[in-house]
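Peer 1: Sharing a structure, written as structure tokens. Questions coming.
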Amino acid sequence: MVMLKYKYSLKLPLNSYIYSKTNLKSLNYKCYLNLFIIPLKDFLKYANLFYLSIGMLAYDNDGIEKWKQRLLNYNFIFQMVNLNAVLISELIYVFLAITSGTNFLEATMNLSFIGFVLVGDLKIWHIWRKREKITRVVTQLEQLHPHSLEHQKFYAVDESLRGYRRVSIFYFGMHLMLIWTYNLYWAIYYVVCDFWLGVRHFERMLPYYCWVPWDWSTNFSYYLMYVSQNIAGQACLSGQLAADMLMCAVVVLLVMHFTCLARRIEQQVAGVESMKSDMVFLQTAIAYHQRILQLCLDMNDIFGVSLLCNFVSSSFIICFVGFQMTIGGEIDSLVMLMLFLFCAMVQVFMIASYAQRLLDSSEDIGLAVYNHDWSMADLRYRKMLILIVKRAQLPSRLKATTFLSVSLVTVTDLLQLSYKFFALLRTMYVK
């Protein structure tokens, strides 16, 4: 009953009571270079940037003007119509190629792109559908976020943000290089080989194989389709990157809170002050722990479907790209396929590594409770410790719905599944 009381009455547990009881001199900080307070929006900056590029807001922003909101809505409608039109044309191409028994290699290459587009499309739709819940999660994270320089030093906010930024820049940099290598390959080929060197006559090609009911290679519609596919590719990539980086930003913030709570519990020396002071500390820590756990549940509800699509599509992408590479081809196509395979692996490993960090940091709460100095504490205090340890033994996990709990072990399972699909596809091709 006491725990429930504090659960709903407490607003900023660590920022107020727990932090005020911390002995800062006992903390061994790394060099803290940041001289300014880091707002929560700095963690969400990259995700918001990619969502804005397709005219979407992942959560409510009361500060945006009406005319800007209207422009974003028009942009979003255009991007989604164009993306799905390109997707349908690619699906028709694959269907016709398989049913007619021709262009099998091109069809399998297109299946990799189609899987990528389908996942991007689904992620955009799912995040839009969960917008209200994302708004609530961001609001709660804003309430828990440390708002003074001293508190941010204790939380190591600067260190968390710098680590997240390094990973994010590498992640979206690799994917942007991938998508624009595909998108601009034929344009650069024309400029260098035909227009500049005059090596041979340029044969009009599009970045992705598609079907339309007219001959696009002989008229002006070629340029419109080329631009349309470029825009669709970037829109799909933006939807994928934004969802992944938004999820990883939330994970980084939750890991930061778990780590800070564990550190503070481990520093607690029970029995030195009054029993009431010890109980208030423990109740405050429990309430704070409950809030973090609830945010983990909300995060899984928001990103569970997109996570499942991530791992299923990555398995197929690795399979199809690996198949294309084993049957050979021109060197430029093989280089692009290797880049595509590398990006798919980076995506899986990044998500799995963040999921592992979340799992480990939530388990550390139980270790911190056991390791802190509780031997001189009141009996009631020690009994409550058992409940915290028991709850911490059920660590928070990043879940792809109810089907899959994500961790570094998931990478091994994914590679095994990809190899099975690859072996099946290879057998079908040989026969």
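To be explicit about the labels: the chains of the structure tokens are called A, B, and onward in the order shown, and within each one the residues are counted from 1, while ligands get numbers from 1 in the order they are shown.
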DSSP on the backbone: which residues in region 181-256 of chain A end up as alpha helix (DSSP H)? Give the answer as number ranges by chain.
Peer 2: A: 181-189, 221-256
Peer 1: Need the shell around Gly233 (chain A): protein/DNA/RNA residues with any atom at most 8 Å away, counting only C-alpha atoms. Skip same-chain ones fewer than 2 positions apart. Format as a list in words?
Peer 2: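 The contact residues come out as Leu83, Val117, Ile179, Asn183, Gln229, Asn230, Ile231, Ala235, Cys236 and Leu237 of chain A.
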Peer 1: Extract, using only C-alpha atoms, all DNA, RNA and protein residues at most 12 Å from region 101-103 of chain A, discarding same-chain residues fewer than 6 positions from it, and format them as a list in words.
Peer 2: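 Answer for this query is Tyr93, Val94, Phe95, Met109, Asn110, Tyr209, Cys210 and Tyr429 of chain A.
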Peer 1: Return the single residue from A:Val255, A:Leu71, A:Phe422, A:Leu358 that is closest to Ser405 (chain A), with distances computed using only C-alpha atoms.
Peer 2: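 Using only C-alpha atoms, the shortest distance to Ser405 (chain A) belongs to A:Leu358.
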Peer 1: Give me the residues within 12 Å of Gln324 (chain A) as a PyMOL selection string, counting only C-alpha atoms and dropping any in the same chain fewer than 2 places off.
Peer 2: chain A and resi 104-112+317-322+326-330+333-338+340-341+422+425-426+429
Peer 1: Counting only C-alpha atoms, which residues of region 274-314 of chain A fall within 10 Å of region 131-152 of chain A, and what is the closest atom pair for each with its distance in Å at one decimal, ordered by chain and rising number, as CSV?
Peer 2:
residue,atom,partner,partner_atom,distance
A:Tyr288,CA,A:Leu144,CA,9.1
A:Arg291,CA,A:Gln140,CA,8.8
A:Ile292,CA,A:Leu141,CA,9.1
A:Gln294,CA,A:Val137,CA,9.7
A:Leu295,CA,A:Val137,CA,6.7
A:Cys296,CA,A:Val137,CA,9.6
A:Asp298,CA,A:Val137,CA,7.2
A:Met299,CA,A:Val137,CA,7.8
A:Asp301,CA,A:Lys133,CA,9.0
A:Ile302,CA,A:Ile134,CA,7.2
A:Phe303,CA,A:Ile134,CA,9.9
Peer 1: Quick one: everything within 12 Å of Leu379 (chain A), counting only C-alpha atoms, minus sequence neighbours fewer than 6 positions away in the same chain. Send it as a ChimeraX atom specification.
Peer 2: /A:270-271,275,278-279,385-386
Peer 1: Export all heavy atoms of the chosen residues as an mmCIF file, in the first residue's frame?
Peer 2:
data_model
loop_
_atom_site.group_PDB
_atom_site.id
_atom_site.type_symbol
_atom_site.label_atom_id
_atom_site.label_comp_id
_atom_site.auth_asym_id
_atom_site.auth_seq_id
_atom_site.Cartn_x
_atom_site.Cartn_y
_atom_site.Cartn_z
ATOM 1 N N ALA A 270 22.226 2.390 4.656
ATOM 2 C CA ALA A 270 21.024 2.322 5.486
ATOM 3 C C ALA A 270 21.397 2.176 6.949
ATOM 4 O O ALA A 270 22.414 1.570 7.296
ATOM 5 C CB ALA A 270 20.152 1.152 5.036
ATOM 6 N N GLY A 271 20.563 2.736 7.813
ATOM 7 C CA GLY A 271 20.768 2.619 9.248
ATOM 8 C C GLY A 271 21.547 3.749 9.863
ATOM 9 O O GLY A 271 21.638 3.843 11.085
ATOM 10 N N MET A 275 15.071 5.620 10.728
ATOM 11 C CA MET A 275 14.374 4.603 9.958
ATOM 12 C C MET A 275 13.405 5.240 8.976
ATOM 13 O O MET A 275 13.236 4.763 7.844
ATOM 14 C CB MET A 275 13.641 3.659 10.913
ATOM 15 C CG MET A 275 12.970 2.472 10.224
ATOM 16 S SD MET A 275 11.250 2.793 9.718
ATOM 17 C CE MET A 275 10.459 2.905 11.332
ATOM 18 N N ASP A 278 15.276 6.301 5.845
ATOM 19 C CA ASP A 278 15.593 5.146 4.997
ATOM 20 C C ASP A 278 14.373 4.673 4.232
ATOM 21 O O ASP A 278 14.463 4.335 3.043
ATOM 22 C CB ASP A 278 16.142 3.992 5.855
ATOM 23 C CG ASP A 278 17.532 4.286 6.393
ATOM 24 O OD1 ASP A 278 18.212 5.164 5.822
ATOM 25 O OD2 ASP A 278 17.937 3.637 7.387
ATOM 26 N N MET A 279 13.228 4.634 4.886
ATOM 27 C CA MET A 279 12.015 4.169 4.226
ATOM 28 C C MET A 279 11.559 5.129 3.137
ATOM 29 O O MET A 279 11.093 4.701 2.072
ATOM 30 C CB MET A 279 10.899 3.977 5.255
ATOM 31 C CG MET A 279 11.158 2.855 6.254
ATOM 32 S SD MET A 279 11.350 1.231 5.466
ATOM 33 C CE MET A 279 9.702 0.971 4.850
ATOM 34 N N LEU A 385 13.548 -4.816 0.450
ATOM 35 C CA LEU A 385 14.626 -5.063 -0.516
ATOM 36 C C LEU A 385 14.399 -6.357 -1.291
ATOM 37 O O LEU A 385 14.731 -6.461 -2.477
ATOM 38 C CB LEU A 385 15.978 -5.116 0.193
ATOM 39 C CG LEU A 385 16.480 -3.831 0.856
ATOM 40 C CD1 LEU A 385 17.849 -4.070 1.484
ATOM 41 C CD2 LEU A 385 16.545 -2.698 -0.146
ATOM 42 N N ILE A 386 13.826 -7.364 -0.609
ATOM 43 C CA ILE A 386 13.567 -8.648 -1.263
ATOM 44 C C ILE A 386 12.612 -8.465 -2.435
ATOM 45 O O ILE A 386 12.784 -9.064 -3.510
ATOM 46 C CB ILE A 386 12.999 -9.657 -0.248
ATOM 47 C CG1 ILE A 386 14.017 -9.911 0.871
ATOM 48 C CG2 ILE A 386 12.623 -10.967 -0.943
ATOM 49 C CD1 ILE A 386 13.487 -10.790 1.987
#
Peer 1: Ranking A:Met376, A:Arg165, A:Ile365, A:Phe311 by minimum distance to Val406 (chain A) and counting only C-alpha atoms, which one comes first?
Peer 2: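 Distance minimum relative to Val406 (chain A) lands on A:Phe311.
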Peer 1: Contacts between region 239-254 of chain A and region 88-188 of chain A, please, where a residue of region 88-188 of chain A counts if it comes within 12 Å (with only C-alpha atoms); show its shortest atom pair and distance in Å to one decimal, rows by chain and ascending number, as CSV.
Peer 2:
residue,atom,partner,partner_atom,distance
A:Gly115,CA,A:Gln240,CA,11.8
A:Phe116,CA,A:Gln240,CA,8.6
A:Val117,CA,A:Gln240,CA,8.9
A:Leu118,CA,A:Gln240,CA,10.1
A:Val119,CA,A:Gln240,CA,7.4
A:Gly120,CA,A:Gln240,CA,4.9
A:Asp121,CA,A:Gly239,CA,7.2
A:Leu122,CA,A:Gly239,CA,8.9
A:Lys123,CA,A:Gly239,CA,6.5
A:Ile124,CA,A:Gly239,CA,5.5
A:Trp125,CA,A:Gly239,CA,9.2
A:His126,CA,A:Ala243,CA,9.6
A:Ile127,CA,A:Ala243,CA,7.4
A:Trp128,CA,A:Ala243,CA,10.5
A:Lys130,CA,A:Ala243,CA,11.6
A:Arg131,CA,A:Ala243,CA,11.9
A:Ile134,CA,A:Leu246,CA,9.9
A:Val137,CA,A:Val250,CA,9.0
A:Val138,CA,A:Val250,CA,8.6
A:Thr139,CA,A:Val250,CA,11.9
A:Gln140,CA,A:Val250,CA,11.2
A:Leu141,CA,A:Leu253,CA,7.9
A:Glu142,CA,A:Leu253,CA,10.3
A:Leu144,CA,A:Leu253,CA,9.8
A:His145,CA,A:Leu253,CA,8.6
A:Pro146,CA,A:Leu253,CA,11.1
A:Tyr155,CA,A:Leu253,CA,10.0
A:Ala156,CA,A:Leu253,CA,10.8
A:Val157,CA,A:Leu253,CA,8.7
A:Asp158,CA,A:Leu253,CA,11.5
A:Glu159,CA,A:Val252,CA,10.7
A:Ser160,CA,A:Val252,CA,7.0
A:Leu161,CA,A:Val252,CA,8.3
A:Arg162,CA,A:Val252,CA,10.9
A:Gly163,CA,A:Val252,CA,9.2
A:Tyr164,CA,A:Ala249,CA,7.3
A:Arg165,CA,A:Ala249,CA,9.5
A:Arg166,CA,A:Met245,CA,11.9
A:Val167,CA,A:Met245,CA,9.6
A:Ser168,CA,A:Met245,CA,6.9
A:Ile169,CA,A:Met245,CA,10.1
A:Phe170,CA,A:Met245,CA,11.6
A:Tyr171,CA,A:Leu241,CA,8.3
A:Phe172,CA,A:Leu241,CA,6.6
A:Gly173,CA,A:Leu241,CA,10.3
A:Met174,CA,A:Leu241,CA,10.9
A:His175,CA,A:Leu241,CA,8.3
A:Leu176,CA,A:Leu241,CA,9.6
A:Ile179,CA,A:Leu241,CA,12.0
Peer 1: Considering only C-alpha atoms, can you say which of A:Leu261, A:Lys399, A:Val369, A:Ala232 comes closest to Asn310 (chain A)?
Peer 2: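 Under the stated criterion, the closest residue is A:Lys399.
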Peer 1: Can you pull out the residues contacting Val348 (chain A)? Cut-off 12 Å, using only C-alpha atoms, and skip same-chain residues under 4 positions away; I want them as a ChimeraX atom specification.
Peer 2: /A:171,244,307-315,317-318,341-344,352-355,406-415
